[in-house]
Every structure is written in C-alpha cells, then in structure tokens.
Amino acid sequence: MRHTGDAHFGAGTGHGDGIWENGGFAVHFFARDLVDALADGWESNEVHAFVEGGLPRRLWRVTQTRPR
C-alpha cells in the first residue's frame with residue numbers, strides 16, 4: 001500500500017480520508033496509525049517499507065495473521 005511518506009501524498013486534488021487524485025488516478029495513502037487501527041484483532045507480523053517504479057512509489061507490505 002502507498003503511505004503518507006510517498007512524494008505524491010498531498011499532491012493533486014484531495015478527496016478526504018487520505019485519497020488524492022493526480023493525473024486521473026485516485027490513490028489512497030495510508031498513515032501508520034490507520035494501518036494499526038485496521039489491524040485491530042489481528043497480529044501484525046511485519047510492516048516492510050520498499051520503493052517501486054520510476055516515480056518512485058513508496059509502499060508498505062503489511063503481513064498479518066489471524067490469532068488462533
């Protein structure tokens with residue numbers, strides 16, 4: 001997922017809730033506190049930051065497991 005550390009966060013037209021439209025594409029940028037809130041009831045194993053593409057896009061790969 002793209003996160004609020006991405007260079008395109010805040011660029012273009014804001015639609016609220018971390019959604020920004022730029023170049024005809026609407027993208028949801030996630031803040032870390034939102035990721036943690038969405039993981040409520042799950043075990044958060046890893047949040048791995050990485051960069052992809054020529055823009056570049058700054059992303060997180062989030063790994064979670066369901067508690068037993």
# chains A, B, ... in the order shown; residues from 1 in each chain; ligands from 1
$ residues_around --residues "A:Glu43" --least-positions-apart "5" --cutoff "12 Å" --atoms "only C-alpha atoms" --output "PDB file with all heavy atoms, in the first residue's frame"
ATOM      1  N   ASP A  36      -2.443   0.415  11.737  1.00  0.00           N
ATOM      2  CA  ASP A  36      -2.557  -0.243  13.037  1.00  0.00           C
ATOM      3  C   ASP A  36      -4.016  -0.403  13.462  1.00  0.00           C
ATOM      4  O   ASP A  36      -4.404  -1.443  13.993  1.00  0.00           O
ATOM      5  CB  ASP A  36      -1.777   0.538  14.102  1.00  0.00           C
ATOM      6  CG  ASP A  36      -0.275   0.498  13.865  1.00  0.00           C
ATOM      7  OD1 ASP A  36       0.211  -0.410  13.148  1.00  0.00           O
ATOM      8  OD2 ASP A  36       0.422   1.386  14.395  1.00  0.00           O
ATOM      9  N   ALA A  37      -4.832   0.602  13.215  1.00  0.00           N
ATOM     10  CA  ALA A  37      -6.256   0.528  13.578  1.00  0.00           C
ATOM     11  C   ALA A  37      -6.977  -0.534  12.752  1.00  0.00           C
ATOM     12  O   ALA A  37      -7.813  -1.275  13.279  1.00  0.00           O
ATOM     13  CB  ALA A  37      -6.925   1.890  13.391  1.00  0.00           C
ATOM     14  N   LEU A  38      -6.659  -0.626  11.472  1.00  0.00           N
ATOM     15  CA  LEU A  38      -7.289  -1.635  10.613  1.00  0.00           C
ATOM     16  C   LEU A  38      -6.868  -3.052  10.992  1.00  0.00           C
ATOM     17  O   LEU A  38      -7.579  -4.011  10.707  1.00  0.00           O
ATOM     18  CB  LEU A  38      -6.948  -1.369   9.139  1.00  0.00           C
ATOM     19  CG  LEU A  38      -7.562  -0.116   8.538  1.00  0.00           C
ATOM     20  CD1 LEU A  38      -6.972   0.145   7.150  1.00  0.00           C
ATOM     21  CD2 LEU A  38      -9.076  -0.225   8.467  1.00  0.00           C
ATOM     22  N   VAL A  62       2.366  -5.153   4.243  1.00  0.00           N
ATOM     23  CA  VAL A  62       1.893  -5.447   5.593  1.00  0.00           C
ATOM     24  C   VAL A  62       1.552  -6.925   5.674  1.00  0.00           C
ATOM     25  O   VAL A  62       0.783  -7.437   4.857  1.00  0.00           O
ATOM     26  CB  VAL A  62       0.660  -4.598   5.937  1.00  0.00           C
ATOM     27  CG1 VAL A  62       0.153  -4.922   7.329  1.00  0.00           C
ATOM     28  CG2 VAL A  62       0.980  -3.109   5.823  1.00  0.00           C
ATOM     29  N   THR A  63       2.142  -7.607   6.661  1.00  0.00           N
ATOM     30  CA  THR A  63       1.876  -9.028   6.880  1.00  0.00           C
ATOM     31  C   THR A  63       1.237  -9.196   8.241  1.00  0.00           C
ATOM     32  O   THR A  63       1.785  -8.740   9.245  1.00  0.00           O
ATOM     33  CB  THR A  63       3.184  -9.843   6.812  1.00  0.00           C
ATOM     34  OG1 THR A  63       3.854  -9.548   5.595  1.00  0.00           O
ATOM     35  CG2 THR A  63       2.903 -11.328   6.887  1.00  0.00           C
ATOM     36  N   GLN A  64       0.082  -9.854   8.244  1.00  0.00           N
ATOM     37  CA  GLN A  64      -0.664 -10.077   9.474  1.00  0.00           C
ATOM     38  C   GLN A  64      -1.150 -11.515   9.519  1.00  0.00           C
ATOM     39  O   GLN A  64      -1.292 -12.155   8.488  1.00  0.00           O
ATOM     40  CB  GLN A  64      -1.875  -9.156   9.551  1.00  0.00           C
ATOM     41  CG  GLN A  64      -1.537  -7.692   9.482  1.00  0.00           C
ATOM     42  CD  GLN A  64      -2.765  -6.831   9.318  1.00  0.00           C
ATOM     43  OE1 GLN A  64      -3.783  -7.262   8.810  1.00  0.00           O
ATOM     44  NE2 GLN A  64      -2.662  -5.593   9.763  1.00  0.00           N
ATOM     45  N   THR A  65      -1.408 -11.992  10.715  1.00  0.00           N
ATOM     46  CA  THR A  65      -2.016 -13.307  10.869  1.00  0.00           C
ATOM     47  C   THR A  65      -3.215 -13.195  11.807  1.00  0.00           C
ATOM     48  O   THR A  65      -3.271 -12.310  12.675  1.00  0.00           O
ATOM     49  CB  THR A  65      -1.025 -14.339  11.459  1.00  0.00           C
ATOM     50  OG1 THR A  65      -0.466 -13.813  12.658  1.00  0.00           O
ATOM     51  CG2 THR A  65       0.089 -14.647  10.483  1.00  0.00           C
ATOM     52  N   ARG A  66      -4.138 -14.076  11.583  1.00  0.00           N
ATOM     53  CA  ARG A  66      -5.329 -14.120  12.439  1.00  0.00           C
ATOM     54  C   ARG A  66      -4.985 -14.883  13.708  1.00  0.00           C
ATOM     55  O   ARG A  66      -4.445 -15.988  13.632  1.00  0.00           O
ATOM     56  CB  ARG A  66      -6.462 -14.806  11.693  1.00  0.00           C
ATOM     57  CG  ARG A  66      -7.779 -14.728  12.418  1.00  0.00           C
ATOM     58  CD  ARG A  66      -8.857 -15.395  11.626  1.00  0.00           C
ATOM     59  NE  ARG A  66      -8.607 -16.848  11.702  1.00  0.00           N
ATOM     60  CZ  ARG A  66      -9.166 -17.728  10.916  1.00  0.00           C
ATOM     61  NH1 ARG A  66      -9.974 -17.354   9.968  1.00  0.00           N
ATOM     62  NH2 ARG A  66      -8.901 -19.016  11.057  1.00  0.00           N
ATOM     63  N   PRO A  67      -5.268 -14.314  14.854  1.00  0.00           N
ATOM     64  CA  PRO A  67      -4.980 -15.035  16.104  1.00  0.00           C
ATOM     65  C   PRO A  67      -5.815 -16.307  16.187  1.00  0.00           C
ATOM     66  O   PRO A  67      -6.938 -16.370  15.688  1.00  0.00           O
ATOM     67  CB  PRO A  67      -5.379 -14.058  17.202  1.00  0.00           C
ATOM     68  CG  PRO A  67      -5.733 -12.786  16.550  1.00  0.00           C
ATOM     69  CD  PRO A  67      -5.866 -13.025  15.091  1.00  0.00           C
ATOM     70  N   ARG A  68      -5.249 -17.301  16.839  1.00  0.00           N
ATOM     71  CA  ARG A  68      -5.976 -18.591  16.996  1.00  0.00           C
ATOM     72  C   ARG A  68      -6.620 -18.683  18.340  1.00  0.00           C
ATOM     73  O   ARG A  68      -6.252 -18.157  19.282  1.00  0.00           O
ATOM     74  CB  ARG A  68      -4.998 -19.747  16.803  1.00  0.00           C
ATOM     75  CG  ARG A  68      -4.485 -19.751  15.408  1.00  0.00           C
ATOM     76  CD  ARG A  68      -3.520 -20.891  15.229  1.00  0.00           C
ATOM     77  NE  ARG A  68      -2.905 -20.750  13.926  1.00  0.00           N
ATOM     78  CZ  ARG A  68      -2.847 -21.701  13.035  1.00  0.00           C
ATOM     79  NH1 ARG A  68      -3.335 -22.879  13.300  1.00  0.00           N
ATOM     80  NH2 ARG A  68      -2.280 -21.511  11.885  1.00  0.00           N
TER      81      ARG A  68
END
$ residues_around --residues "A:Val35" --least-positions-apart "4" --cutoff "10 Å" --atoms "only C-alpha atoms" --output "list in words"
Met1, His3, Phe30, Ala31, Ala39, Asp40, Ser44, Val47, Trp60 and Val62 of chain A
$ write_last_selection --atoms "N, CA and C atoms" --output "PDB file, in the first residue's frame"
ATOM      1  N   MET A   1       0.833  -1.163   0.000  1.00  0.00           N
ATOM      2  CA  MET A   1       0.000   0.000   0.000  1.00  0.00           C
ATOM      3  C   MET A   1       0.883   1.233   0.000  1.00  0.00           C
ATOM      4  N   HIS A   3       1.871   4.938   1.222  1.00  0.00           N
ATOM      5  CA  HIS A   3       1.722   5.546   2.543  1.00  0.00           C
ATOM      6  C   HIS A   3       2.002   7.043   2.485  1.00  0.00           C
ATOM      7  N   PHE A  30      -1.999   5.587   3.068  1.00  0.00           N
ATOM      8  CA  PHE A  30      -2.282   5.137   4.423  1.00  0.00           C
ATOM      9  C   PHE A  30      -1.271   5.696   5.421  1.00  0.00           C
ATOM     10  N   ALA A  31      -1.778   6.232   6.525  1.00  0.00           N
ATOM     11  CA  ALA A  31      -0.944   6.626   7.655  1.00  0.00           C
ATOM     12  C   ALA A  31      -0.715   5.390   8.528  1.00  0.00           C
ATOM     13  N   ALA A  39      -5.733  -3.167  11.659  1.00  0.00           N
ATOM     14  CA  ALA A  39      -5.217  -4.471  12.068  1.00  0.00           C
ATOM     15  C   ALA A  39      -5.776  -4.916  13.416  1.00  0.00           C
ATOM     16  N   ASP A  40      -6.678  -4.144  13.982  1.00  0.00           N
ATOM     17  CA  ASP A  40      -7.234  -4.492  15.284  1.00  0.00           C
ATOM     18  C   ASP A  40      -7.820  -5.897  15.244  1.00  0.00           C
ATOM     19  N   SER A  44       0.069  -8.271  13.994  1.00  0.00           N
ATOM     20  CA  SER A  44       0.879  -7.598  12.989  1.00  0.00           C
ATOM     21  C   SER A  44       2.275  -8.206  13.008  1.00  0.00           C
ATOM     22  N   VAL A  47       5.667  -4.756   8.920  1.00  0.00           N
ATOM     23  CA  VAL A  47       5.368  -3.659   8.006  1.00  0.00           C
ATOM     24  C   VAL A  47       6.701  -3.331   7.339  1.00  0.00           C
ATOM     25  N   TRP A  60       4.288   0.130   1.579  1.00  0.00           N
ATOM     26  CA  TRP A  60       4.459  -0.795   2.695  1.00  0.00           C
ATOM     27  C   TRP A  60       3.855  -2.125   2.293  1.00  0.00           C
ATOM     28  N   VAL A  62       2.366  -5.153   4.243  1.00  0.00           N
ATOM     29  CA  VAL A  62       1.893  -5.447   5.593  1.00  0.00           C
ATOM     30  C   VAL A  62       1.552  -6.925   5.674  1.00  0.00           C
TER      31      VAL A  62
END
$ closest_residue --among "A:His8, A:Arg58, A:His48, A:Arg2" --to "A:Gly23" --atoms "only C-alpha atoms"
A:His8
$ residues_around --residues "A:His28" --least-positions-apart "3" --cutoff "7 Å" --atoms "only C-alpha atoms" --output "MDAnalysis selection string"
chainID A and resid 18:20
$ write_last_selection --atoms "N, CA, C and O atoms" --output "short mmCIF file (atom, residue, chain, number, x, y, z; two decimals), in the first residue's frame"
data_model
loop_
_atom_site.label_atom_id
_atom_site.label_comp_id
_atom_site.auth_asym_id
_atom_site.auth_seq_id
_atom_site.Cartn_x
_atom_site.Cartn_y
_atom_site.Cartn_z
N GLY A 18 -7.38 10.53 3.14
CA GLY A 18 -6.09 10.14 2.59
C GLY A 18 -6.10 9.82 1.11
O GLY A 18 -5.15 9.27 0.58
N ILE A 19 -7.19 10.18 0.42
CA ILE A 19 -7.31 9.91 -1.01
C ILE A 19 -6.96 11.17 -1.79
O ILE A 19 -7.56 12.23 -1.57
N TRP A 20 -6.00 11.03 -2.71
CA TRP A 20 -5.54 12.14 -3.54
C TRP A 20 -5.59 11.73 -5.00
O TRP A 20 -5.15 10.64 -5.36
#
